[in-house]
Structure formats: structure tokens, C-alpha cells
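Note: the block below is query-v7.txt and it holds compact mmCIF, N, CA and C atoms.
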```
# COMPACT_ATOMS: atom_id res chain seq x y z
N MET A 113 15.66 -8.52 -16.92
CA MET A 113 15.83 -7.60 -15.82
C MET A 113 14.58 -7.62 -14.96
N THR A 114 14.75 -7.73 -13.65
CA THR A 114 13.61 -7.76 -12.75
C THR A 114 13.46 -6.43 -12.04
N SER A 115 12.25 -6.15 -11.63
CA SER A 115 11.94 -4.91 -10.93
C SER A 115 12.24 -5.06 -9.46
N ASN A 116 12.83 -4.05 -8.87
CA ASN A 116 13.11 -4.04 -7.44
C ASN A 116 12.08 -3.13 -6.77
N PRO A 117 11.16 -3.70 -5.95
CA PRO A 117 10.11 -2.90 -5.35
C PRO A 117 10.65 -1.76 -4.48
N ALA A 118 11.82 -1.94 -3.91
CA ALA A 118 12.37 -0.90 -3.04
C ALA A 118 12.82 0.33 -3.81
N THR A 119 13.16 0.15 -5.11
CA THR A 119 13.64 1.29 -5.89
C THR A 119 12.77 1.60 -7.10
N ASP A 120 11.70 0.88 -7.28
CA ASP A 120 10.81 1.09 -8.43
C ASP A 120 10.07 2.41 -8.27
N SER A 121 10.26 3.33 -9.20
CA SER A 121 9.64 4.65 -9.09
C SER A 121 8.13 4.62 -9.29
N THR A 122 7.57 3.51 -9.79
CA THR A 122 6.12 3.41 -9.97
C THR A 122 5.45 2.87 -8.71
N ASP A 123 6.21 2.47 -7.71
CA ASP A 123 5.63 1.97 -6.47
C ASP A 123 4.99 3.14 -5.72
N ARG A 124 3.67 3.03 -5.45
CA ARG A 124 2.93 4.13 -4.83
C ARG A 124 2.88 4.04 -3.32
N ARG A 125 3.51 3.06 -2.72
CA ARG A 125 3.44 2.89 -1.27
C ARG A 125 4.19 4.01 -0.55
N VAL A 126 3.59 4.48 0.52
CA VAL A 126 4.22 5.51 1.34
C VAL A 126 5.23 4.87 2.28
N ALA A 127 4.84 3.77 2.90
CA ALA A 127 5.70 3.08 3.86
C ALA A 127 6.27 1.80 3.23
N PRO A 128 7.52 1.47 3.52
CA PRO A 128 8.09 0.24 2.97
C PRO A 128 7.39 -1.00 3.55
N ARG A 129 7.30 -2.04 2.72
CA ARG A 129 6.72 -3.31 3.16
C ARG A 129 7.83 -4.28 3.50
N TYR A 130 7.54 -5.15 4.44
CA TYR A 130 8.51 -6.15 4.90
C TYR A 130 7.88 -7.53 4.80
N ARG A 131 8.68 -8.51 4.41
CA ARG A 131 8.19 -9.89 4.39
C ARG A 131 7.85 -10.28 5.82
N PHE A 132 6.67 -10.83 5.98
CA PHE A 132 6.20 -11.21 7.31
C PHE A 132 5.13 -12.26 7.11
N TYR A 133 5.27 -13.38 7.77
CA TYR A 133 4.31 -14.47 7.60
C TYR A 133 3.67 -14.78 8.95
N ALA A 134 2.35 -14.72 8.98
CA ALA A 134 1.60 -15.06 10.18
C ALA A 134 0.18 -15.43 9.77
N ASP A 135 -0.43 -16.30 10.55
CA ASP A 135 -1.84 -16.64 10.30
C ASP A 135 -2.72 -15.46 10.71
N PHE A 136 -3.90 -15.41 10.11
CA PHE A 136 -4.78 -14.27 10.28
C PHE A 136 -6.21 -14.77 10.30
N GLU A 137 -6.98 -14.41 11.33
CA GLU A 137 -8.37 -14.83 11.44
C GLU A 137 -9.28 -13.61 11.32
N ILE A 138 -10.20 -13.67 10.37
CA ILE A 138 -11.13 -12.57 10.13
C ILE A 138 -12.50 -12.95 10.69
N ASP A 139 -13.06 -12.07 11.51
CA ASP A 139 -14.44 -12.24 11.98
C ASP A 139 -15.36 -11.71 10.90
N TRP A 140 -16.04 -12.61 10.19
CA TRP A 140 -16.86 -12.22 9.06
C TRP A 140 -18.29 -12.69 9.30
N GLY A 141 -19.08 -11.84 9.92
CA GLY A 141 -20.47 -12.20 10.22
C GLY A 141 -20.51 -13.36 11.19
N SER A 142 -21.17 -14.42 10.81
CA SER A 142 -21.32 -15.57 11.69
C SER A 142 -20.23 -16.62 11.47
N LYS A 143 -19.24 -16.32 10.62
CA LYS A 143 -18.19 -17.30 10.39
C LYS A 143 -16.81 -16.65 10.47
N ALA A 144 -15.82 -17.48 10.60
CA ALA A 144 -14.44 -17.00 10.64
C ALA A 144 -13.75 -17.41 9.34
N LEU A 145 -13.02 -16.49 8.75
CA LEU A 145 -12.20 -16.77 7.57
C LEU A 145 -10.75 -16.79 8.01
N TRP A 146 -9.99 -17.70 7.45
CA TRP A 146 -8.57 -17.79 7.77
C TRP A 146 -7.75 -17.41 6.56
N GLY A 147 -6.67 -16.70 6.81
CA GLY A 147 -5.74 -16.32 5.76
C GLY A 147 -4.34 -16.30 6.33
N ARG A 148 -3.41 -15.86 5.51
CA ARG A 148 -2.02 -15.77 5.94
C ARG A 148 -1.45 -14.45 5.46
N VAL A 149 -0.90 -13.68 6.38
CA VAL A 149 -0.27 -12.42 6.04
C VAL A 149 1.03 -12.73 5.31
N ARG A 150 1.27 -12.05 4.19
CA ARG A 150 2.48 -12.26 3.39
C ARG A 150 3.49 -11.14 3.59
N ASP A 151 3.02 -9.92 3.70
CA ASP A 151 3.91 -8.80 3.99
C ASP A 151 3.14 -7.74 4.75
N ILE A 152 3.89 -6.85 5.40
CA ILE A 152 3.27 -5.87 6.29
C ILE A 152 4.05 -4.57 6.24
N SER A 153 3.36 -3.48 6.50
CA SER A 153 3.99 -2.17 6.62
C SER A 153 3.31 -1.43 7.77
N ARG A 154 3.72 -0.24 7.99
CA ARG A 154 3.13 0.58 9.05
C ARG A 154 1.67 0.89 8.75
N GLU A 155 1.28 0.88 7.49
CA GLU A 155 -0.08 1.27 7.10
C GLU A 155 -0.97 0.14 6.61
N GLY A 156 -0.39 -1.01 6.25
CA GLY A 156 -1.23 -2.06 5.70
C GLY A 156 -0.52 -3.39 5.59
N MET A 157 -1.20 -4.34 4.97
CA MET A 157 -0.63 -5.66 4.76
C MET A 157 -1.34 -6.35 3.60
N PHE A 158 -0.71 -7.41 3.11
CA PHE A 158 -1.32 -8.24 2.09
C PHE A 158 -1.64 -9.58 2.72
N ILE A 159 -2.90 -10.02 2.54
CA ILE A 159 -3.37 -11.27 3.14
C ILE A 159 -3.72 -12.25 2.04
N GLU A 160 -3.07 -13.41 2.06
CA GLU A 160 -3.42 -14.49 1.14
C GLU A 160 -4.65 -15.17 1.71
N ILE A 161 -5.73 -15.15 0.94
CA ILE A 161 -7.00 -15.69 1.43
C ILE A 161 -7.83 -16.19 0.25
N ALA A 162 -8.56 -17.28 0.46
CA ALA A 162 -9.35 -17.87 -0.62
C ALA A 162 -10.66 -17.11 -0.85
N GLU A 163 -11.35 -16.78 0.21
CA GLU A 163 -12.66 -16.11 0.11
C GLU A 163 -12.47 -14.64 0.45
N CYS A 164 -12.55 -13.77 -0.54
CA CYS A 164 -12.21 -12.35 -0.37
C CYS A 164 -13.43 -11.49 -0.09
N PRO A 165 -13.35 -10.65 0.94
CA PRO A 165 -14.36 -9.60 1.09
C PRO A 165 -14.22 -8.60 -0.06
N TRP A 166 -15.18 -7.73 -0.26
CA TRP A 166 -15.17 -6.77 -1.35
C TRP A 166 -14.32 -5.54 -1.00
N VAL A 167 -13.99 -4.74 -2.01
CA VAL A 167 -13.23 -3.51 -1.81
C VAL A 167 -14.04 -2.58 -0.90
N ASN A 168 -13.37 -1.95 0.04
CA ASN A 168 -13.91 -1.06 1.07
C ASN A 168 -14.63 -1.79 2.20
N ALA A 169 -14.65 -3.14 2.18
CA ALA A 169 -15.22 -3.90 3.29
C ALA A 169 -14.36 -3.66 4.52
N ARG A 170 -15.02 -3.50 5.66
CA ARG A 170 -14.33 -3.30 6.94
C ARG A 170 -14.55 -4.54 7.79
N PHE A 171 -13.50 -4.95 8.50
CA PHE A 171 -13.65 -6.10 9.38
C PHE A 171 -12.64 -6.04 10.51
N LEU A 172 -12.94 -6.75 11.57
CA LEU A 172 -12.05 -6.91 12.70
C LEU A 172 -11.41 -8.28 12.57
N ALA A 173 -10.13 -8.35 12.84
CA ALA A 173 -9.41 -9.62 12.70
C ALA A 173 -8.39 -9.76 13.81
N LYS A 174 -7.78 -10.94 13.87
CA LYS A 174 -6.73 -11.20 14.85
C LYS A 174 -5.51 -11.71 14.12
N LEU A 175 -4.38 -11.08 14.38
CA LEU A 175 -3.10 -11.52 13.86
C LEU A 175 -2.56 -12.54 14.85
N ALA A 176 -2.27 -13.75 14.38
CA ALA A 176 -1.87 -14.85 15.25
C ALA A 176 -0.40 -14.72 15.63
N LEU A 177 -0.16 -14.00 16.71
CA LEU A 177 1.18 -13.88 17.29
C LEU A 177 1.18 -14.67 18.60
N ASP A 178 2.22 -14.55 19.40
CA ASP A 178 2.23 -15.24 20.69
C ASP A 178 0.97 -14.91 21.49
N ALA A 179 0.62 -13.62 21.49
CA ALA A 179 -0.66 -13.17 22.04
C ALA A 179 -1.42 -12.59 20.84
N PRO A 180 -2.61 -13.09 20.51
CA PRO A 180 -3.35 -12.59 19.35
C PRO A 180 -3.51 -11.07 19.40
N LEU A 181 -3.25 -10.42 18.27
CA LEU A 181 -3.30 -8.97 18.18
C LEU A 181 -4.51 -8.55 17.35
N PRO A 182 -5.48 -7.84 17.96
CA PRO A 182 -6.65 -7.39 17.20
C PRO A 182 -6.27 -6.27 16.23
N VAL A 183 -6.83 -6.34 15.02
CA VAL A 183 -6.53 -5.38 13.97
C VAL A 183 -7.84 -5.03 13.26
N GLU A 184 -8.05 -3.73 13.01
CA GLU A 184 -9.18 -3.29 12.19
C GLU A 184 -8.66 -3.10 10.78
N CYS A 185 -9.35 -3.65 9.79
CA CYS A 185 -8.88 -3.63 8.40
C CYS A 185 -9.94 -3.06 7.47
N VAL A 186 -9.48 -2.47 6.38
CA VAL A 186 -10.33 -2.04 5.28
C VAL A 186 -9.69 -2.56 4.01
N VAL A 187 -10.44 -3.30 3.21
CA VAL A 187 -9.93 -3.85 1.96
C VAL A 187 -9.73 -2.71 0.96
N ARG A 188 -8.52 -2.60 0.43
CA ARG A 188 -8.22 -1.54 -0.54
C ARG A 188 -8.03 -2.07 -1.95
N ARG A 189 -7.61 -3.35 -2.06
CA ARG A 189 -7.49 -3.94 -3.39
C ARG A 189 -7.62 -5.45 -3.29
N ILE A 190 -8.04 -6.04 -4.39
CA ILE A 190 -8.19 -7.49 -4.48
C ILE A 190 -7.30 -7.97 -5.61
N VAL A 191 -6.53 -9.00 -5.34
CA VAL A 191 -5.72 -9.64 -6.38
C VAL A 191 -6.34 -11.02 -6.59
N PRO A 192 -7.08 -11.20 -7.69
CA PRO A 192 -7.80 -12.46 -7.91
C PRO A 192 -6.90 -13.69 -7.74
N SER A 193 -7.42 -14.68 -7.08
CA SER A 193 -6.75 -15.97 -6.82
C SER A 193 -5.52 -15.84 -5.92
N ARG A 194 -5.29 -14.66 -5.34
CA ARG A 194 -4.12 -14.49 -4.47
C ARG A 194 -4.48 -13.95 -3.11
N GLY A 195 -5.27 -12.87 -3.05
CA GLY A 195 -5.61 -12.31 -1.75
C GLY A 195 -6.04 -10.87 -1.81
N ILE A 196 -5.88 -10.17 -0.68
CA ILE A 196 -6.34 -8.79 -0.55
C ILE A 196 -5.27 -7.91 0.08
N GLY A 197 -5.26 -6.67 -0.35
CA GLY A 197 -4.43 -5.65 0.29
C GLY A 197 -5.32 -4.82 1.18
N VAL A 198 -4.92 -4.62 2.43
CA VAL A 198 -5.75 -3.90 3.39
C VAL A 198 -4.95 -2.79 4.07
N THR A 199 -5.65 -1.75 4.47
CA THR A 199 -5.07 -0.78 5.40
C THR A 199 -5.43 -1.26 6.79
N ILE A 200 -4.61 -0.90 7.77
CA ILE A 200 -4.83 -1.40 9.13
C ILE A 200 -4.86 -0.27 10.14
N ALA A 201 -5.56 -0.53 11.22
CA ALA A 201 -5.59 0.34 12.39
C ALA A 201 -5.71 -0.59 13.60
N PHE A 202 -5.24 -0.11 14.72
CA PHE A 202 -5.32 -0.91 15.93
C PHE A 202 -6.38 -0.32 16.84
N PRO A 203 -7.32 -1.16 17.32
CA PRO A 203 -8.44 -0.66 18.11
C PRO A 203 -8.01 -0.11 19.49
N ASN A 204 -6.78 -0.40 19.90
CA ASN A 204 -6.27 0.15 21.15
C ASN A 204 -4.78 0.40 20.99
N THR A 205 -4.15 0.99 21.95
CA THR A 205 -2.74 1.34 21.83
C THR A 205 -1.81 0.15 21.96
N GLU A 206 -2.32 -1.01 22.37
CA GLU A 206 -1.51 -2.22 22.52
C GLU A 206 -0.79 -2.59 21.23
N GLY A 207 -1.46 -2.46 20.09
CA GLY A 207 -0.88 -2.84 18.82
C GLY A 207 0.10 -1.85 18.25
N GLN A 208 0.06 -0.62 18.71
CA GLN A 208 0.93 0.39 18.17
C GLN A 208 2.32 0.23 18.68
```
Encoded form (C-alpha cells):
Amino acid sequence: MTSNPATDSTDRRVAPRYRFYADFEIDWGSKALWGRVRDISREGMFIEIAECPWVNARFLAKLALDAPLPVECVVRRIVPSRGIGVTIAFPNTEGQ
């Protein structure tokens, strides 16, 4: 029997997550890190990335859409060898 995230009572997410794939560029000091968004919700997303910032790290990034969308992120969890879960905010009303 497999668990269904949409009905799993142990799921702590407030907002539902949706499968969504897009490239993601993180401005990290003097270098850029690239990752790929795997899923997204109104409050956060999961980013598959090789080099992970630490928990509570804040960074500005761009979601690679037709027009790049700036996103402010805070790392909330790290899944070793897979990526990071982040909360998101938009620096202007364009992203909302």
C-alpha cells in the first residue's frame, strides 16, 4: 500500500503542492548555482540541487520561465543527495 500525499494525515503542509518542473538559478555570493524545481505551492517549493545552502539560508533566485521570475527563498529543510525545501516570497507584486 502506498501513501497518498493529498490524503495523508501526517502531511504538515498548509497549501497543496503541484508537480512543476522549471530550471532555477540561485545567486550565491560570487557564483551562480543551478537547480531544478520539482514541485511548487503557494508557500514554497522543492529544488533539486547538488550544492545545498544551509537551513535558514536566505537567497535571491530566478525561476526560469518565459520571462525570468525573481523569487526570495529561505531554506527550511535539506534532503541529502536530493535537494532543498524552501519557503518563497516575491520581491514585487509581479510574481504574485
Pick out the residues sitting within 7 Å of stretch 172-189 of chain A, and hand them over as a PDB file with N, CA and C atoms, in the frame of the given file; count only N, CA and C atoms, and ignore anything fewer than 2 positions along from it in its own chain.
```pdb
ATOM      1  N   ALA A 134       2.350 -14.720   8.980  1.00  0.00           N
ATOM      2  CA  ALA A 134       1.600 -15.060  10.180  1.00  0.00           C
ATOM      3  C   ALA A 134       0.180 -15.430   9.770  1.00  0.00           C
ATOM      4  N   ASP A 135      -0.430 -16.300  10.550  1.00  0.00           N
ATOM      5  CA  ASP A 135      -1.840 -16.640  10.300  1.00  0.00           C
ATOM      6  C   ASP A 135      -2.720 -15.460  10.710  1.00  0.00           C
ATOM      7  N   PHE A 136      -3.900 -15.410  10.110  1.00  0.00           N
ATOM      8  CA  PHE A 136      -4.780 -14.270  10.280  1.00  0.00           C
ATOM      9  C   PHE A 136      -6.210 -14.770  10.300  1.00  0.00           C
ATOM     10  N   GLU A 137      -6.980 -14.410  11.330  1.00  0.00           N
ATOM     11  CA  GLU A 137      -8.370 -14.830  11.440  1.00  0.00           C
ATOM     12  C   GLU A 137      -9.280 -13.610  11.320  1.00  0.00           C
ATOM     13  N   ILE A 138     -10.200 -13.670  10.370  1.00  0.00           N
ATOM     14  CA  ILE A 138     -11.130 -12.570  10.130  1.00  0.00           C
ATOM     15  C   ILE A 138     -12.500 -12.950  10.690  1.00  0.00           C
ATOM     16  N   ASP A 139     -13.060 -12.070  11.510  1.00  0.00           N
ATOM     17  CA  ASP A 139     -14.440 -12.240  11.980  1.00  0.00           C
ATOM     18  C   ASP A 139     -15.360 -11.710  10.900  1.00  0.00           C
ATOM     19  N   TRP A 140     -16.040 -12.610  10.190  1.00  0.00           N
ATOM     20  CA  TRP A 140     -16.860 -12.220   9.060  1.00  0.00           C
ATOM     21  C   TRP A 140     -18.290 -12.690   9.300  1.00  0.00           C
ATOM     22  N   PRO A 165     -13.350 -10.650   0.940  1.00  0.00           N
ATOM     23  CA  PRO A 165     -14.360  -9.600   1.090  1.00  0.00           C
ATOM     24  C   PRO A 165     -14.220  -8.600  -0.060  1.00  0.00           C
ATOM     25  N   TRP A 166     -15.180  -7.730  -0.260  1.00  0.00           N
ATOM     26  CA  TRP A 166     -15.170  -6.770  -1.350  1.00  0.00           C
ATOM     27  C   TRP A 166     -14.320  -5.540  -1.000  1.00  0.00           C
ATOM     28  N   VAL A 167     -13.990  -4.740  -2.010  1.00  0.00           N
ATOM     29  CA  VAL A 167     -13.230  -3.510  -1.810  1.00  0.00           C
ATOM     30  C   VAL A 167     -14.040  -2.580  -0.900  1.00  0.00           C
ATOM     31  N   ASN A 168     -13.370  -1.950   0.040  1.00  0.00           N
ATOM     32  CA  ASN A 168     -13.910  -1.060   1.070  1.00  0.00           C
ATOM     33  C   ASN A 168     -14.630  -1.790   2.200  1.00  0.00           C
ATOM     34  N   ALA A 169     -14.650  -3.140   2.180  1.00  0.00           N
ATOM     35  CA  ALA A 169     -15.220  -3.900   3.290  1.00  0.00           C
ATOM     36  C   ALA A 169     -14.360  -3.660   4.520  1.00  0.00           C
ATOM     37  N   ARG A 170     -15.020  -3.500   5.660  1.00  0.00           N
ATOM     38  CA  ARG A 170     -14.330  -3.300   6.940  1.00  0.00           C
ATOM     39  C   ARG A 170     -14.550  -4.540   7.790  1.00  0.00           C
ATOM     40  N   VAL A 191      -6.530  -9.000  -5.340  1.00  0.00           N
ATOM     41  CA  VAL A 191      -5.720  -9.640  -6.380  1.00  0.00           C
ATOM     42  C   VAL A 191      -6.340 -11.020  -6.590  1.00  0.00           C
ATOM     43  N   GLY A 195      -5.270 -12.870  -3.050  1.00  0.00           N
ATOM     44  CA  GLY A 195      -5.610 -12.310  -1.750  1.00  0.00           C
ATOM     45  C   GLY A 195      -6.040 -10.870  -1.810  1.00  0.00           C
ATOM     46  N   ILE A 196      -5.880 -10.170  -0.680  1.00  0.00           N
ATOM     47  CA  ILE A 196      -6.340  -8.790  -0.550  1.00  0.00           C
ATOM     48  C   ILE A 196      -5.270  -7.910   0.080  1.00  0.00           C
ATOM     49  N   GLY A 197      -5.260  -6.670  -0.350  1.00  0.00           N
ATOM     50  CA  GLY A 197      -4.430  -5.650   0.290  1.00  0.00           C
ATOM     51  C   GLY A 197      -5.320  -4.820   1.180  1.00  0.00           C
ATOM     52  N   VAL A 198      -4.920  -4.620   2.430  1.00  0.00           N
ATOM     53  CA  VAL A 198      -5.750  -3.900   3.390  1.00  0.00           C
ATOM     54  C   VAL A 198      -4.950  -2.790   4.070  1.00  0.00           C
ATOM     55  N   THR A 199      -5.650  -1.750   4.470  1.00  0.00           N
ATOM     56  CA  THR A 199      -5.070  -0.780   5.400  1.00  0.00           C
ATOM     57  C   THR A 199      -5.430  -1.260   6.790  1.00  0.00           C
ATOM     58  N   ILE A 200      -4.610  -0.900   7.770  1.00  0.00           N
ATOM     59  CA  ILE A 200      -4.830  -1.400   9.130  1.00  0.00           C
ATOM     60  C   ILE A 200      -4.860  -0.270  10.140  1.00  0.00           C
ATOM     61  N   ALA A 201      -5.560  -0.530  11.220  1.00  0.00           N
ATOM     62  CA  ALA A 201      -5.590   0.340  12.390  1.00  0.00           C
ATOM     63  C   ALA A 201      -5.710  -0.590  13.600  1.00  0.00           C
ATOM     64  N   PHE A 202      -5.240  -0.110  14.720  1.00  0.00           N
ATOM     65  CA  PHE A 202      -5.320  -0.910  15.930  1.00  0.00           C
ATOM     66  C   PHE A 202      -6.380  -0.320  16.840  1.00  0.00           C
ATOM     67  N   PRO A 203      -7.320  -1.160  17.320  1.00  0.00           N
ATOM     68  CA  PRO A 203      -8.440  -0.660  18.110  1.00  0.00           C
ATOM     69  C   PRO A 203      -8.010  -0.110  19.490  1.00  0.00           C
ATOM     70  N   ASN A 204      -6.780  -0.400  19.900  1.00  0.00           N
ATOM     71  CA  ASN A 204      -6.270   0.150  21.150  1.00  0.00           C
ATOM     72  C   ASN A 204      -4.780   0.400  20.990  1.00  0.00           C
ATOM     73  N   GLY A 207      -1.460  -2.460  20.090  1.00  0.00           N
ATOM     74  CA  GLY A 207      -0.880  -2.840  18.820  1.00  0.00           C
ATOM     75  C   GLY A 207       0.100  -1.850  18.250  1.00  0.00           C
TER      76      GLY A 207
END
```
Atom C of A:Pro192 to atom CA of A:Ile152, straight-line distance in Å:
19.0 Å
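Relative to atom CA of A:Glu155, atom CA of A:Val126 is found at 8.3 Å.
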Which residues, written as number ranges by chain, have at least one atom at most 6 Å from A:Ser153, with all atoms listed in the file counted and residues fewer than 6 positions away on the same chain left out?
A: 127-130
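Here atom C of A:Phe171 and atom C of A:Tyr133 stand 18.6 Å from one another.
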Atom completion result for stretch 162-172 of chain A (all heavy atoms) as an mmCIF file, keeping the file's coordinate frame:
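Listing of rebuild_4.cif after writing:
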```cif
data_model
loop_
_atom_site.group_PDB
_atom_site.id
_atom_site.type_symbol
_atom_site.label_atom_id
_atom_site.label_comp_id
_atom_site.auth_asym_id
_atom_site.auth_seq_id
_atom_site.Cartn_x
_atom_site.Cartn_y
_atom_site.Cartn_z
ATOM 1 N N ALA A 162 -8.560 -17.280 0.460
ATOM 2 C CA ALA A 162 -9.350 -17.870 -0.620
ATOM 3 C C ALA A 162 -10.660 -17.110 -0.850
ATOM 4 O O ALA A 162 -11.039 -16.834 -1.979
ATOM 5 C CB ALA A 162 -9.630 -19.335 -0.323
ATOM 6 N N GLU A 163 -11.350 -16.780 0.210
ATOM 7 C CA GLU A 163 -12.660 -16.110 0.110
ATOM 8 C C GLU A 163 -12.470 -14.640 0.450
ATOM 9 O O GLU A 163 -12.235 -14.281 1.602
ATOM 10 C CB GLU A 163 -13.645 -16.757 1.092
ATOM 11 C CG GLU A 163 -15.053 -16.293 0.923
ATOM 12 C CD GLU A 163 -16.002 -17.047 1.849
ATOM 13 O OE1 GLU A 163 -15.659 -18.144 2.307
ATOM 14 O OE2 GLU A 163 -17.091 -16.509 2.106
ATOM 15 N N CYS A 164 -12.550 -13.770 -0.540
ATOM 16 C CA CYS A 164 -12.210 -12.350 -0.370
ATOM 17 C C CYS A 164 -13.430 -11.490 -0.090
ATOM 18 O O CYS A 164 -14.409 -11.550 -0.828
ATOM 19 C CB CYS A 164 -11.532 -11.810 -1.616
ATOM 20 S SG CYS A 164 -9.967 -12.589 -1.992
ATOM 21 N N PRO A 165 -13.350 -10.650 0.940
ATOM 22 C CA PRO A 165 -14.360 -9.600 1.090
ATOM 23 C C PRO A 165 -14.220 -8.600 -0.060
ATOM 24 O O PRO A 165 -13.220 -8.612 -0.772
ATOM 25 C CB PRO A 165 -13.998 -8.933 2.424
ATOM 26 C CG PRO A 165 -13.092 -9.900 3.113
ATOM 27 C CD PRO A 165 -12.405 -10.668 2.033
ATOM 28 N N TRP A 166 -15.180 -7.730 -0.260
ATOM 29 C CA TRP A 166 -15.170 -6.770 -1.350
ATOM 30 C C TRP A 166 -14.320 -5.540 -1.000
ATOM 31 O O TRP A 166 -14.006 -5.286 0.156
ATOM 32 C CB TRP A 166 -16.594 -6.373 -1.709
ATOM 33 C CG TRP A 166 -17.357 -5.856 -0.529
ATOM 34 C CD1 TRP A 166 -17.423 -4.565 -0.085
ATOM 35 C CD2 TRP A 166 -18.132 -6.620 0.391
ATOM 36 N NE1 TRP A 166 -18.186 -4.474 1.037
ATOM 37 C CE2 TRP A 166 -18.644 -5.729 1.369
ATOM 38 C CE3 TRP A 166 -18.447 -7.971 0.501
ATOM 39 C CZ2 TRP A 166 -19.440 -6.150 2.422
ATOM 40 C CZ3 TRP A 166 -19.246 -8.378 1.557
ATOM 41 C CH2 TRP A 166 -19.727 -7.465 2.490
ATOM 42 N N VAL A 167 -13.990 -4.740 -2.010
ATOM 43 C CA VAL A 167 -13.230 -3.510 -1.810
ATOM 44 C C VAL A 167 -14.040 -2.580 -0.900
ATOM 45 O O VAL A 167 -15.250 -2.463 -1.024
ATOM 46 C CB VAL A 167 -12.921 -2.822 -3.156
ATOM 47 C CG1 VAL A 167 -12.302 -1.450 -2.950
ATOM 48 C CG2 VAL A 167 -11.993 -3.695 -3.987
ATOM 49 N N ASN A 168 -13.370 -1.950 0.040
ATOM 50 C CA ASN A 168 -13.910 -1.060 1.070
ATOM 51 C C ASN A 168 -14.630 -1.790 2.200
ATOM 52 O O ASN A 168 -15.181 -1.145 3.088
ATOM 53 C CB ASN A 168 -14.812 0.038 0.489
ATOM 54 C CG ASN A 168 -14.032 1.012 -0.350
ATOM 55 O OD1 ASN A 168 -12.881 1.339 -0.038
ATOM 56 N ND2 ASN A 168 -14.625 1.478 -1.435
ATOM 57 N N ALA A 169 -14.650 -3.140 2.180
ATOM 58 C CA ALA A 169 -15.220 -3.900 3.290
ATOM 59 C C ALA A 169 -14.360 -3.660 4.520
ATOM 60 O O ALA A 169 -13.134 -3.605 4.449
ATOM 61 C CB ALA A 169 -15.262 -5.382 2.963
ATOM 62 N N ARG A 170 -15.020 -3.500 5.660
ATOM 63 C CA ARG A 170 -14.330 -3.300 6.940
ATOM 64 C C ARG A 170 -14.550 -4.540 7.790
ATOM 65 O O ARG A 170 -15.646 -5.094 7.803
ATOM 66 C CB ARG A 170 -14.884 -2.090 7.673
ATOM 67 C CG ARG A 170 -14.647 -0.798 6.952
ATOM 68 C CD ARG A 170 -15.306 0.373 7.688
ATOM 69 N NE ARG A 170 -15.061 1.605 6.972
ATOM 70 C CZ ARG A 170 -13.986 2.367 7.128
ATOM 71 N NH1 ARG A 170 -13.065 2.017 8.006
ATOM 72 N NH2 ARG A 170 -13.832 3.460 6.425
ATOM 73 N N PHE A 171 -13.500 -4.950 8.500
ATOM 74 C CA PHE A 171 -13.650 -6.100 9.380
ATOM 75 C C PHE A 171 -12.640 -6.040 10.510
ATOM 76 O O PHE A 171 -11.627 -5.353 10.435
ATOM 77 C CB PHE A 171 -13.525 -7.421 8.613
ATOM 78 C CG PHE A 171 -12.240 -7.571 7.841
ATOM 79 C CD1 PHE A 171 -11.089 -8.030 8.446
ATOM 80 C CD2 PHE A 171 -12.204 -7.263 6.488
ATOM 81 C CE1 PHE A 171 -9.917 -8.181 7.724
ATOM 82 C CE2 PHE A 171 -11.042 -7.407 5.761
ATOM 83 C CZ PHE A 171 -9.891 -7.871 6.382
ATOM 84 N N LEU A 172 -12.940 -6.750 11.570
ATOM 85 C CA LEU A 172 -12.050 -6.910 12.700
ATOM 86 C C LEU A 172 -11.410 -8.280 12.570
ATOM 87 O O LEU A 172 -12.074 -9.253 12.199
ATOM 88 C CB LEU A 172 -12.833 -6.804 14.014
ATOM 89 C CG LEU A 172 -12.015 -6.846 15.291
ATOM 90 C CD1 LEU A 172 -11.003 -5.683 15.333
ATOM 91 C CD2 LEU A 172 -12.919 -6.781 16.503
#
```
